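A.B. asks: This one is entry23.cif, mmCIF, C-alpha atoms.
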data_entry
#
loop_
_atom_site.label_atom_id
_atom_site.label_comp_id
_atom_site.auth_asym_id
_atom_site.auth_seq_id
_atom_site.Cartn_x
_atom_site.Cartn_y
_atom_site.Cartn_z
CA MET A 1 83.50 144.82 17.06
CA ASP A 2 82.04 146.62 14.04
CA GLU A 3 80.26 143.63 12.53
CA GLU A 4 76.52 143.16 13.01
CA TYR A 5 75.14 139.68 13.63
CA ASP A 6 71.73 138.10 13.16
CA VAL A 7 71.93 136.41 16.55
CA ILE A 8 74.23 136.60 19.59
CA VAL A 9 74.14 133.50 21.79
CA LEU A 10 75.27 133.88 25.43
CA GLY A 11 76.50 130.78 27.27
CA THR A 12 77.80 127.50 25.85
CA GLY A 13 75.47 125.10 27.66
CA LEU A 14 74.00 122.31 25.55
CA THR A 15 70.72 124.16 24.84
CA GLU A 16 72.58 127.25 23.61
CA CYS A 17 75.10 125.25 21.54
CA ILE A 18 72.34 123.24 19.82
CA LEU A 19 70.55 126.49 18.94
CA SER A 20 73.70 128.22 17.65
CA GLY A 21 74.52 125.14 15.55
CA LEU A 22 71.01 124.90 14.09
CA LEU A 23 70.84 128.66 13.41
CA SER A 24 74.25 128.61 11.69
CA VAL A 25 73.14 125.70 9.49
CA ASP A 26 70.01 127.77 8.73
CA GLY A 27 72.26 130.52 7.32
CA GLN A 28 72.09 132.93 10.27
CA LYS A 29 75.19 134.94 11.16
CA VAL A 30 75.87 133.85 14.76
CA LEU A 31 78.23 135.16 17.45
CA HIS A 32 78.52 132.84 20.45
CA MET A 33 80.02 134.19 23.70
CA ASP A 34 80.72 132.72 27.14
CA ARG A 35 82.11 134.24 30.34
CA ASN A 36 83.98 130.97 31.04
CA ASP A 37 87.18 129.84 29.32
CA TYR A 38 85.65 126.41 28.56
CA TYR A 39 82.61 125.06 26.71
CA GLY A 40 79.57 123.60 28.41
CA GLY A 41 78.50 126.09 31.10
CA ASP A 42 76.27 124.17 33.52
CA SER A 43 76.40 121.09 31.25
CA ALA A 44 80.22 120.81 31.22
CA SER A 45 82.20 117.69 32.19
CA LEU A 46 85.09 118.23 34.65
CA ASN A 47 88.33 116.36 35.25
CA LEU A 48 89.16 115.28 38.81
CA THR A 49 91.10 118.45 39.75
CA GLN A 50 88.37 120.72 38.33
CA LEU A 51 85.72 118.76 40.24
CA TYR A 52 87.51 119.12 43.59
CA GLN A 53 88.38 122.76 42.92
CA LYS A 54 84.76 123.59 42.12
CA PHE A 55 83.30 121.94 45.23
CA ARG A 56 86.19 121.98 47.75
CA GLN A 57 88.70 124.58 46.50
CA THR A 58 91.38 121.90 46.95
CA GLY A 59 92.75 118.86 45.15
CA PRO A 60 91.67 115.21 45.66
CA SER A 61 93.21 113.27 48.56
CA GLU A 62 95.87 110.76 47.48
CA ASN A 63 94.46 108.29 50.04
CA LEU A 64 91.39 107.81 47.83
CA ASN A 65 93.51 106.29 45.01
CA LEU A 66 91.26 107.75 42.32
CA GLY A 67 93.78 107.41 39.50
CA ARG A 68 94.84 109.93 36.89
CA ASP A 69 93.26 113.34 36.53
CA ARG A 70 92.89 113.00 32.77
CA ASP A 71 90.85 109.78 33.09
CA TYR A 72 87.87 111.75 34.40
CA ALA A 73 85.05 113.63 32.72
CA VAL A 74 82.44 114.12 35.46
CA ASP A 75 79.13 115.57 34.28
CA LEU A 76 77.65 118.42 36.31
CA ILE A 77 74.19 117.70 34.87
CA PRO A 78 73.46 113.95 34.78
CA LYS A 79 71.36 113.02 31.75
CA PHE A 80 71.13 110.15 29.25
CA ILE A 81 69.96 110.24 25.63
CA LEU A 82 66.84 108.29 24.62
CA SER A 83 67.99 106.36 21.56
CA SER A 84 64.78 107.11 19.62
CA GLY A 85 64.26 110.52 21.22
CA GLU A 86 64.40 114.03 19.83
CA LEU A 87 68.04 114.71 20.78
CA THR A 88 69.11 111.65 18.76
CA ARG A 89 67.12 112.97 15.79
CA MET A 90 68.79 116.36 16.28
CA LEU A 91 72.26 114.75 16.35
CA VAL A 92 71.68 112.87 13.09
CA HIS A 93 69.81 115.73 11.42
CA THR A 94 72.84 117.98 11.87
CA ASP A 95 75.40 115.16 11.32
CA VAL A 96 76.99 116.08 14.66
CA THR A 97 77.33 112.31 15.23
CA ARG A 98 80.57 112.44 13.19
CA TYR A 99 82.26 114.16 16.17
CA LEU A 100 80.95 111.74 18.81
CA GLU A 101 81.00 108.07 19.82
CA PHE A 102 78.15 106.54 21.80
CA LYS A 103 77.73 103.55 24.07
CA VAL A 104 74.48 101.95 25.26
CA ILE A 105 73.65 102.34 28.96
CA ALA A 106 73.61 98.82 30.42
CA GLY A 107 70.26 98.89 32.20
CA SER A 108 67.26 100.87 33.38
CA TYR A 109 65.94 100.11 36.87
CA VAL A 110 62.99 101.14 39.01
CA TYR A 111 62.67 101.19 42.82
CA ARG A 112 59.71 99.29 44.22
CA ASP A 113 58.93 98.13 47.77
CA GLY A 114 62.43 98.76 49.10
CA LYS A 115 64.47 97.21 46.27
CA ILE A 116 65.40 97.88 42.65
CA SER A 117 64.30 95.79 39.65
CA LYS A 118 65.26 96.03 35.99
CA VAL A 119 62.71 97.63 33.71
CA PRO A 120 62.05 94.70 31.31
CA SER A 121 63.66 95.07 27.89
CA THR A 122 62.37 91.79 26.39
CA GLU A 123 59.19 89.69 26.71
CA MET A 124 61.21 87.04 28.59
CA GLU A 125 62.43 89.67 31.10
CA ALA A 126 58.83 90.84 31.51
CA VAL A 127 57.68 87.29 32.35
CA ARG A 128 60.44 86.91 34.96
CA SER A 129 60.18 90.47 36.34
CA PRO A 130 59.41 90.75 40.08
CA LEU A 131 57.68 94.08 39.37
CA MET A 132 54.33 92.34 38.79
CA GLY A 133 52.48 89.26 39.97
CA LEU A 134 51.18 86.62 37.54
CA PHE A 135 47.70 88.10 37.02
CA GLU A 136 49.06 91.66 36.82
CA LYS A 137 51.50 90.52 34.12
CA ARG A 138 48.54 89.38 32.01
CA ARG A 139 46.78 92.72 32.49
CA ALA A 140 49.99 94.61 31.67
CA LYS A 141 50.50 92.45 28.57
CA ASN A 142 47.00 93.43 27.38
CA PHE A 143 47.84 97.10 28.00
CA PHE A 144 51.10 96.94 26.02
CA GLN A 145 49.44 95.01 23.18
CA TYR A 146 46.80 97.76 23.04
CA LEU A 147 49.56 100.39 22.71
CA GLN A 148 51.36 98.32 20.08
CA ASN A 149 48.21 97.92 17.96
CA TRP A 150 46.84 101.45 18.45
CA LYS A 151 46.42 103.39 15.20
CA GLU A 152 44.90 106.86 15.14
CA GLU A 153 43.05 106.27 11.88
CA ASP A 154 41.58 102.88 12.91
CA PRO A 155 38.86 103.20 15.61
CA ALA A 156 38.76 99.39 15.94
CA THR A 157 42.16 99.60 17.71
CA HIS A 158 40.98 102.21 20.24
CA GLN A 159 38.98 99.78 22.42
CA GLY A 160 36.44 102.49 23.18
CA LEU A 161 39.06 104.95 24.48
CA ASP A 162 39.66 108.37 22.91
CA ILE A 163 43.15 109.02 24.29
CA ASN A 164 43.05 112.61 23.03
CA LYS A 165 40.20 113.27 25.49
CA CYS A 166 40.16 110.62 28.24
CA SER A 167 42.62 110.79 31.12
CA MET A 168 45.47 108.34 31.74
CA LYS A 169 43.55 107.31 34.86
CA ASP A 170 40.72 106.11 32.57
CA VAL A 171 43.22 104.05 30.57
CA TYR A 172 44.74 102.45 33.68
CA THR A 173 41.23 101.67 34.98
CA LYS A 174 40.19 100.11 31.64
CA PHE A 175 43.06 97.59 31.91
CA GLY A 176 42.76 97.15 35.70
CA LEU A 177 46.39 98.06 36.38
CA GLU A 178 47.53 98.20 40.02
CA ALA A 179 48.98 101.35 41.61
CA GLY A 180 52.51 99.86 41.63
CA THR A 181 52.29 99.07 37.92
CA GLN A 182 50.99 102.57 37.23
CA ASP A 183 54.06 103.91 39.10
CA PHE A 184 56.41 101.85 36.98
CA ILE A 185 54.70 102.72 33.67
CA GLY A 186 54.20 106.44 34.39
CA HIS A 187 57.62 107.13 35.90
CA ALA A 188 60.08 104.51 34.60
CA MET A 189 58.66 104.35 31.05
CA ALA A 190 56.70 107.56 30.36
CA LEU A 191 59.36 109.32 32.49
CA TRP A 192 57.01 111.80 34.15
CA LEU A 193 58.52 113.65 37.14
CA ASP A 194 55.31 113.56 39.20
CA ASP A 195 51.73 112.24 39.09
CA ASP A 196 50.06 115.29 37.51
CA TYR A 197 49.91 113.41 34.20
CA ILE A 198 47.29 110.92 35.51
CA THR A 199 44.40 113.42 35.31
CA LYS A 200 45.48 114.87 31.94
CA PRO A 201 44.59 113.56 28.44
CA ALA A 202 46.31 110.20 27.93
CA ARG A 203 47.81 110.98 24.51
CA ALA A 204 51.04 112.55 25.81
CA THR A 205 51.67 109.58 28.13
CA VAL A 206 50.91 107.03 25.39
CA ASP A 207 53.35 108.83 23.05
CA ARG A 208 56.04 108.78 25.77
CA ILE A 209 55.59 105.05 26.48
CA ILE A 210 55.80 104.26 22.75
CA LEU A 211 58.99 106.38 22.50
CA TYR A 212 60.46 104.45 25.45
CA THR A 213 59.61 101.02 23.98
CA GLN A 214 60.98 102.05 20.55
CA SER A 215 64.18 103.25 22.23
CA MET A 216 64.41 100.00 24.22
CA ALA A 217 63.95 97.90 21.08
CA ARG A 218 66.63 99.80 19.19
CA TYR A 219 69.79 98.57 20.95
CA GLY A 220 68.54 96.05 23.51
CA LYS A 221 69.90 96.53 27.03
CA SER A 222 68.25 99.87 27.81
CA PRO A 223 66.59 102.77 25.97
CA TYR A 224 69.55 105.09 26.62
CA ILE A 225 72.82 105.94 24.90
CA TYR A 226 75.64 108.10 26.25
CA PRO A 227 78.64 109.81 24.58
CA LEU A 228 82.11 108.46 25.36
CA TYR A 229 84.16 111.04 27.33
CA GLY A 230 81.05 112.54 28.94
CA LEU A 231 78.20 114.91 28.15
CA GLY A 232 80.61 117.86 27.85
CA GLU A 233 81.34 116.46 24.36
CA LEU A 234 77.81 117.37 23.20
CA PRO A 235 77.99 121.19 23.44
CA GLN A 236 81.48 121.12 21.90
CA ALA A 237 80.21 119.02 18.97
CA PHE A 238 77.39 121.49 18.23
CA ALA A 239 79.88 124.37 18.62
CA ARG A 240 82.03 122.75 15.90
CA LEU A 241 78.96 122.49 13.70
CA SER A 242 78.25 126.20 14.18
CA ALA A 243 81.87 127.10 13.37
CA ILE A 244 81.78 125.05 10.14
CA TYR A 245 78.76 127.09 9.04
CA GLY A 246 80.40 130.42 9.84
CA GLY A 247 79.56 130.84 13.54
CA THR A 248 82.06 132.89 15.58
CA TYR A 249 83.06 131.82 19.10
CA MET A 250 84.46 133.95 21.91
CA LEU A 251 85.24 132.28 25.25
CA ASP A 252 86.40 134.02 28.46
CA LYS A 253 84.31 137.12 27.63
CA LYS A 254 82.64 138.77 30.60
CA ILE A 255 79.32 140.26 29.52
CA GLU A 256 78.97 143.74 31.00
CA SER A 257 75.53 144.54 29.63
CA VAL A 258 72.74 143.36 27.35
CA ASN A 259 71.60 146.52 25.62
CA VAL A 260 68.15 147.65 24.49
CA GLY A 261 67.06 150.69 22.47
CA GLU A 262 64.49 153.33 23.37
CA ASP A 263 61.78 151.06 21.95
CA GLY A 264 62.78 148.34 24.45
CA LYS A 265 64.14 146.05 21.74
CA PHE A 266 67.53 144.33 21.93
CA THR A 267 70.38 146.18 20.16
CA GLY A 268 73.61 144.49 21.24
CA VAL A 269 75.96 143.23 23.95
CA THR A 270 78.87 145.01 25.66
CA SER A 271 81.97 143.08 26.71
CA ALA A 272 85.33 144.57 27.84
CA GLY A 273 84.17 148.05 26.86
CA GLU A 274 83.27 147.03 23.30
CA THR A 275 79.73 146.71 21.99
CA VAL A 276 78.66 144.27 19.30
CA LYS A 277 75.31 144.72 17.55
CA ALA A 278 72.79 142.05 16.61
CA LYS A 279 69.10 141.70 15.79
CA LYS A 280 68.41 139.05 18.46
CA VAL A 281 69.98 137.49 21.54
CA ILE A 282 69.58 133.98 22.99
CA GLY A 283 71.09 133.08 26.35
CA ASP A 284 70.88 131.07 29.53
CA PRO A 285 69.25 132.66 32.62
CA SER A 286 72.60 133.52 34.26
CA TYR A 287 73.15 136.28 31.65
CA PHE A 288 69.77 137.87 32.39
CA GLY A 289 69.80 138.48 36.13
CA ALA A 290 69.34 134.96 37.52
CA GLY A 291 70.35 134.98 41.16
CA GLN A 292 71.25 138.67 41.12
CA ASP A 293 69.64 141.72 42.71
CA LEU A 294 67.63 143.74 40.23
CA GLU A 295 69.18 147.07 39.32
CA SER A 296 67.07 150.19 39.82
CA GLY A 297 64.57 150.44 36.95
CA GLY A 298 65.69 147.05 35.60
CA LYS A 299 63.35 144.50 34.09
CA VAL A 300 62.72 141.08 35.69
CA ARG A 301 63.53 138.68 32.86
CA VAL A 302 63.75 135.36 34.73
CA ILE A 303 61.98 133.87 37.75
CA GLU A 304 62.98 131.04 40.06
CA THR A 305 60.57 128.11 39.69
CA GLY A 306 62.18 125.67 42.13
CA LYS A 307 65.49 124.07 43.10
CA VAL A 308 67.32 120.86 42.13
CA ILE A 309 69.65 118.95 44.44
CA ARG A 310 72.36 116.87 42.79
CA ALA A 311 74.91 114.63 44.52
CA ILE A 312 77.91 113.42 42.50
CA CYS A 313 79.10 110.22 44.21
CA LEU A 314 82.37 108.39 43.51
CA LEU A 315 82.23 104.61 44.05
CA LYS A 316 84.77 101.78 43.74
CA HIS A 317 82.06 99.24 42.82
CA PRO A 318 78.96 98.89 40.63
CA ILE A 319 75.65 99.79 42.26
CA PRO A 320 74.42 96.73 44.24
CA GLY A 321 71.54 94.88 42.57
CA THR A 322 72.37 96.05 39.03
CA ASP A 323 74.05 92.81 37.91
CA GLU A 324 77.54 94.39 37.95
CA ALA A 325 76.38 96.91 35.31
CA ASP A 326 79.01 99.37 34.01
CA SER A 327 76.21 101.95 33.78
CA CYS A 328 72.54 102.30 34.65
CA GLN A 329 69.63 104.55 35.39
CA ILE A 330 67.53 104.05 38.52
CA ILE A 331 64.22 105.84 39.02
CA ILE A 332 62.65 106.05 42.47
CA PRO A 333 58.98 106.94 41.84
CA GLN A 334 57.64 109.62 44.18
CA ASN A 335 54.94 107.39 45.71
CA GLN A 336 57.49 104.77 46.75
CA VAL A 337 59.15 107.23 49.15
CA GLY A 338 56.27 109.56 50.01
CA ARG A 339 57.34 112.48 47.83
CA LYS A 340 55.87 114.73 45.14
CA ASN A 341 58.80 114.29 42.70
CA ASP A 342 60.82 111.27 41.58
CA ILE A 343 64.47 110.73 42.55
CA TYR A 344 66.91 109.77 39.77
CA ILE A 345 70.25 107.99 39.79
CA ALA A 346 72.48 108.08 36.69
CA ALA A 347 75.60 105.91 36.89
CA VAL A 348 78.52 105.63 34.43
CA SER A 349 82.08 104.28 34.72
CA SER A 350 85.43 103.77 33.03
CA ALA A 351 83.55 101.88 30.29
CA HIS A 352 82.47 105.34 29.05
CA ASN A 353 85.93 106.93 29.40
CA VAL A 354 84.69 109.21 32.18
CA ALA A 355 86.53 107.69 35.18
CA ALA A 356 89.63 105.68 36.08
CA GLN A 357 89.48 101.87 35.99
CA ASN A 358 87.11 100.38 38.60
CA VAL A 359 85.59 103.75 39.48
CA TRP A 360 81.86 104.44 39.05
CA ILE A 361 80.27 107.90 39.05
CA ALA A 362 76.69 107.85 40.36
CA ILE A 363 74.76 111.13 40.31
CA VAL A 364 71.58 111.46 42.37
CA SER A 365 69.12 114.25 41.55
CA THR A 366 65.63 115.43 42.43
CA ILE A 367 63.49 118.54 42.83
CA VAL A 368 63.88 120.06 46.32
CA GLU A 369 60.67 119.84 48.39
CA THR A 370 61.80 120.65 51.96
CA SER A 371 64.24 122.82 53.90
CA VAL A 372 66.57 119.81 54.34
CA PRO A 373 67.36 118.76 50.73
CA GLU A 374 70.14 116.30 51.60
CA ARG A 375 67.72 114.24 53.66
CA GLU A 376 65.45 114.00 50.60
CA ILE A 377 68.02 112.05 48.59
CA LEU A 378 68.82 109.52 51.35
CA PRO A 379 66.65 106.77 49.75
CA ALA A 380 68.89 106.99 46.66
CA LEU A 381 72.20 107.28 48.55
CA GLN A 382 71.31 104.14 50.52
CA LEU A 383 71.10 102.17 47.26
CA LEU A 384 74.67 103.04 46.26
CA GLY A 385 76.59 101.07 48.88
CA ASN A 386 79.86 102.54 50.14
CA VAL A 387 80.37 106.08 48.76
CA LEU A 388 84.04 107.08 48.49
CA ASP A 389 83.36 110.80 48.11
CA LYS A 390 80.34 112.98 47.48
CA PHE A 391 79.81 116.47 46.01
CA VAL A 392 76.43 118.08 46.65
CA SER A 393 74.97 121.10 44.85
CA ILE A 394 71.61 122.83 45.23
CA THR A 395 70.79 124.79 42.11
CA PRO A 396 67.85 127.16 41.46
CA LEU A 397 65.72 126.48 38.37
CA TYR A 398 64.93 129.56 36.27
CA SER A 399 62.41 130.23 33.51
CA PRO A 400 61.96 133.35 31.35
CA THR A 401 59.16 135.75 32.28
CA SER A 402 58.26 136.45 28.64
CA PRO A 403 58.58 134.69 25.25
CA GLY A 404 61.03 137.34 23.99
CA THR A 405 59.16 138.09 20.76
CA ALA A 406 58.46 141.69 21.88
CA ASP A 407 62.08 142.65 22.67
CA ASN A 408 64.07 139.99 20.71
CA ILE A 409 65.57 138.63 23.97
CA TYR A 410 65.10 134.86 24.08
CA ILE A 411 66.05 133.13 27.32
CA THR A 412 66.45 129.37 27.78
CA LYS A 413 65.39 127.36 30.85
CA SER A 414 67.63 125.84 33.53
CA TYR A 415 68.36 122.11 33.32
CA ASP A 416 65.77 120.17 35.34
CA ALA A 417 66.11 117.05 37.51
CA THR A 418 65.07 114.56 34.80
CA SER A 419 67.66 111.95 33.81
CA HIS A 420 67.15 112.36 30.07
CA PHE A 421 67.33 115.15 27.48
CA GLU A 422 63.75 115.29 26.24
CA THR A 423 62.91 118.44 28.29
CA VAL A 424 66.10 120.14 27.02
CA VAL A 425 65.05 119.42 23.43
CA GLU A 426 61.53 120.73 24.13
CA ASP A 427 63.18 124.00 25.17
CA VAL A 428 65.24 124.03 21.94
CA PHE A 429 62.08 123.55 19.85
CA ASP A 430 60.27 126.23 21.85
CA VAL A 431 63.08 128.83 21.55
CA TRP A 432 63.52 128.03 17.82
CA GLN A 433 59.82 128.65 17.17
CA ARG A 434 59.92 131.93 19.09
CA VAL A 435 63.08 133.13 17.31
CA LYS A 436 62.16 131.95 13.80
CA GLY A 437 58.37 132.03 13.91
CA GLU A 438 58.22 128.50 12.47
CA LYS A 439 58.57 124.92 13.71
CA LEU A 440 61.91 123.13 13.62
CA VAL A 441 61.73 120.12 11.27
CA LEU A 442 64.24 117.29 11.67
CA LYS A 443 65.28 114.53 9.25
CA LYS A 444 65.38 110.87 10.29
CA ARG A 445 68.57 108.77 10.11
CA GLU A 446 70.35 106.14 12.20
CA VAL A 447 72.98 106.51 14.97
CA GLU A 448 75.87 104.07 15.30
CA VAL A 449 76.67 102.95 18.85
CA GLU A 450 79.28 100.73 20.46
CA ALA A 451 78.07 97.38 21.72
#
Kindly transcribe the structure held in the file into structure tokens.

C.D. replies:
Amino acid sequence: MDEEYDVIVLGTGLTECILSGLLSVDGQKVLHMDRNDYYGGDSASLNLTQLYQKFRQTGPSENLNLGRDRDYAVDLIPKFILSSGELTRMLVHTDVTRYLEFKVIAGSYVYRDGKISKVPSTEMEAVRSPLMGLFEKRRAKNFFQYLQNWKEEDPATHQGLDINKCSMKDVYTKFGLEAGTQDFIGHAMALWLDDDYITKPARATVDRIILYTQSMARYGKSPYIYPLYGLGELPQAFARLSAIYGGTYMLDKKIESVNVGEDGKFTGVTSAGETVKAKKVIGDPSYFGAGQDLESGGKVRVIETGKVIRAICLLKHPIPGTDEADSCQIIIPQNQVGRKNDIYIAAVSSAHNVAAQNVWIAIVSTIVETSVPEREILPALQLLGNVLDKFVSITPLYSPTSPGTADNIYITKSYDATSHFETVVEDVFDVWQRVKGEKLVLKKREVEVEA
């Protein structure tokens, strides 16, 4: 390996593949390596045999009648794409959409007082919604009209609120919104994981609600789209983009060491006894000591910030109460079940070419808060009806200990418990700015989706 590269990327998770694609388009000479013999890393999609091998070290039981192996593409990380969100902009900016087909998720639901209700997608649905009483609907209507009319440059639309300074609590109080409505707005629309946002400046929450309503208005049924054949298609599509622009890929390459010079700066990577040089390295936490004992004199590059529990559930029916939906998202706000973090359910089916006919895949996820994580997801599991089989994982979340600008080692974050990609894209923007020293600017175009 005599060539020298601008950037080596370690791991083919979605975050890393987006970055290698964008850097290749930017004219950087990129080498992308992965210890696995497949793309996707933690964000891969598995067929039925791979799923059972990973969790059980055995094949699926014939008694379950799950259909053909090749009909399955089960996501390890359950996330949907906000149709007006940053990942969509990234897909169209890079023209990666030419490698992918998308389908709208059928509905977005929120858990309230022991049952689930659809997050309204039209004014008529809002009027009929059981989420609010008659008077609360009027107050909520005033709140949403305020958001719709709000213009930064026109103080007359601010109604005496400076959302850059006042808290979201002040905004809720101004419109007299009940705690249950605040739950639904803050968690099912602004998509916050917890209630910390309430005491912070309202601007971030207002921007998130507007993004949600724009996404909802775009294709109707829900604000989310999802790639046919599973999320594992996304990293592969960005890998293709990188290859078109000269990126080099090497799978099944065990990384023996990430090397630094006497000045502490990155110099290259050693694999199978060969060393390849580069100016910078980007990689997921597993390549930088995550979950491993620190070698003598080694540097702590990543720290554990928490754990996520995920349960992949196979069903032979749609989730009860979702109007026979072929796909949906359900959010259980923390306050509804006495927790600090929300619980998410992401469900897809054969309609998305990820399962055999009449099989649904529902994935439950949340941040671990106790020593008995499986008990924490019971409120979600109870909503699913009869579960045919279940695969549970508890995964640590890692973050880098430094920005990487001092040693040219840039580490991405683990995938969190959220059911959408906005936090992944935030990480992409953050790493890009650290690597390039400038903001990533995206163009705006449209995405075609199946009905």

A.B. asks: Given 4 Å on each side, where is the centre and what are the edge lengths in Å to one decimal of the axis-aligned box enclosing the listed atoms of segment 425-442 of chain A, as AutoDock Vina command-line options?

C.D. replies:
--center_x 61.7 --center_y 125.2 --center_z 18.2 --size_x 15.0 --size_y 23.8 --size_z 21.9

A.B. asks: Skip Asp34 of chain A itself and residues of its chain fewer than 2 positions away, then list as a list in words all residues within 8 Å of it, counting all atoms listed in the file.

C.D. replies: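 Everything that qualifies: Leu10, Gly11, Thr12, His32, Asn36, Asp37, Tyr39, Met250, Leu251, Asp252, Lys253 and Lys254 of chain A.
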
A.B. asks: So that I have them on file, write out the residues from the current selection with C-alpha atoms, as a PDB file, in the frame of the given file.

C.D. replies:
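To be explicit, this is the file written out as part_37.pdb:
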ATOM      1  CA  LEU A  10      75.270 133.880  25.430  1.00  0.00           C
ATOM      2  CA  GLY A  11      76.500 130.780  27.270  1.00  0.00           C
ATOM      3  CA  THR A  12      77.800 127.500  25.850  1.00  0.00           C
ATOM      4  CA  HIS A  32      78.520 132.840  20.450  1.00  0.00           C
ATOM      5  CA  ASN A  36      83.980 130.970  31.040  1.00  0.00           C
ATOM      6  CA  ASP A  37      87.180 129.840  29.320  1.00  0.00           C
ATOM      7  CA  TYR A  39      82.610 125.060  26.710  1.00  0.00           C
ATOM      8  CA  MET A 250      84.460 133.950  21.910  1.00  0.00           C
ATOM      9  CA  LEU A 251      85.240 132.280  25.250  1.00  0.00           C
ATOM     10  CA  ASP A 252      86.400 134.020  28.460  1.00  0.00           C
ATOM     11  CA  LYS A 253      84.310 137.120  27.630  1.00  0.00           C
ATOM     12  CA  LYS A 254      82.640 138.770  30.600  1.00  0.00           C
TER      13      LYS A 254
END

A.B. asks: Using the chain letters and numbers from this file, what does the PyMOL selection byres ((chain A and resi 102-111) around 9) select? Give the answer as a PyMOL selection string.

C.D. replies: chain A and resi 80+83+97+100-101+112-121+131+184+187-188+219-228+322+325-333+336+347-348+351-352+447-451

A.B. asks: If we draw a sphere of 8 Å around (70.1, 118.2, 34.0), which residues have at least one atom in it when counting all atoms listed in the file? Please report them as a list in words.

C.D. replies: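 Protein and nucleic acid residues near the point are Ser43, Leu76, Ile77, Pro78, Lys79, Tyr415, Asp416, Ala417, Thr418, Ser419, His420 and Phe421 of chain A.
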
A.B. asks: Any idea what's packed within 10 Å of Val260 of chain A, counting only C-alpha atoms, ignoring anything in its chain fewer than 5 positions away? Could you give it as a ChimeraX atom specification?

C.D. replies: /A:265-269,407-409

A.B. asks: Could those selected residues go to a file with C-alpha atoms, as a PDB file, in the frame of the given file?

C.D. replies:
ATOM      1  CA  LYS A 265      64.140 146.050  21.740  1.00  0.00           C
ATOM      2  CA  PHE A 266      67.530 144.330  21.930  1.00  0.00           C
ATOM      3  CA  THR A 267      70.380 146.180  20.160  1.00  0.00           C
ATOM      4  CA  GLY A 268      73.610 144.490  21.240  1.00  0.00           C
ATOM      5  CA  VAL A 269      75.960 143.230  23.950  1.00  0.00           C
ATOM      6  CA  ASP A 407      62.080 142.650  22.670  1.00  0.00           C
ATOM      7  CA  ASN A 408      64.070 139.990  20.710  1.00  0.00           C
ATOM      8  CA  ILE A 409      65.570 138.630  23.970  1.00  0.00           C
TER       9      ILE A 409
END

A.B. asks: Measuring atom to atom with only C-alpha atoms, identify which of A:Ile185, A:Val435, A:Val281, A:Ile303 is nearest to Val9 of chain A.

C.D. replies: A:Val281

A.B. asks: Where does the PyMOL selection byres ((chain A and resi 376) around 10) land in this file, that is, which residues does it pick, as a ChimeraX atom specification?

C.D. replies: /A:309,337,339,343,365-375,377-381

A.B. asks: Could you give me, as JSON, numbers by chain, the residues within 10 Å of Thr205 of chain A, counting only C-alpha atoms and dropping anything in the same chain fewer than 5 positions from it?

C.D. replies: {"A": [163, 167, 168, 185, 186, 189, 190, 191, 192, 197, 198, 200, 210, 211]}

A.B. asks: Using the chain letters and numbers from the file, give me the residues hit by the PyMOL selection byres ((chain A and resi 86) around 9), as a compact mmCIF listing (two decimals) with C-alpha atoms, in the frame of the given file.

C.D. replies:
# COMPACT_ATOMS: atom_id res chain seq x y z
CA ILE A 81 69.96 110.24 25.63
CA LEU A 82 66.84 108.29 24.62
CA SER A 83 67.99 106.36 21.56
CA SER A 84 64.78 107.11 19.62
CA GLY A 85 64.26 110.52 21.22
CA LEU A 87 68.04 114.71 20.78
CA THR A 88 69.11 111.65 18.76
CA ARG A 89 67.12 112.97 15.79
CA MET A 90 68.79 116.36 16.28
CA LEU A 91 72.26 114.75 16.35
CA PHE A 421 67.33 115.15 27.48
CA GLU A 422 63.75 115.29 26.24
CA VAL A 425 65.05 119.42 23.43
CA GLU A 426 61.53 120.73 24.13
CA LEU A 442 64.24 117.29 11.67

A.B. asks: So which one's closest to Asn353 of chain A, A:Glu178, A:Glu233, A:Glu4, A:Asp427? Using all atoms listed in the file, please.

C.D. replies: A:Glu233

A.B. asks: What would the list of residues within 12 Å of (67.9, 141.0, 32.3) (file frame) look like as a ChimeraX atom specification, if all atoms listed in the file are what count?

C.D. replies: /A:255-260,264,266,269,281-303,400-402,404,407,409-411

A.B. asks: Given the choices A:Gly306, A:Asp6, A:Lys436, A:Ala346, which gets closest to Ser399 of chain A if the distance is worked out from all atoms listed in the file?

C.D. replies: A:Gly306

A.B. asks: Taking into account all atoms listed in the file, which residue in the set A:Ala202, A:Leu231, A:Leu14, A:Ile319 is nearest to Ser45 of chain A?

C.D. replies: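 Under the stated criterion, the closest residue is A:Leu231.
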
A.B. asks: So how many Å separate atom CA of Val25 of chain A and atom CA of Leu241 of chain A, to one decimal?

C.D. replies: 7.9 Å
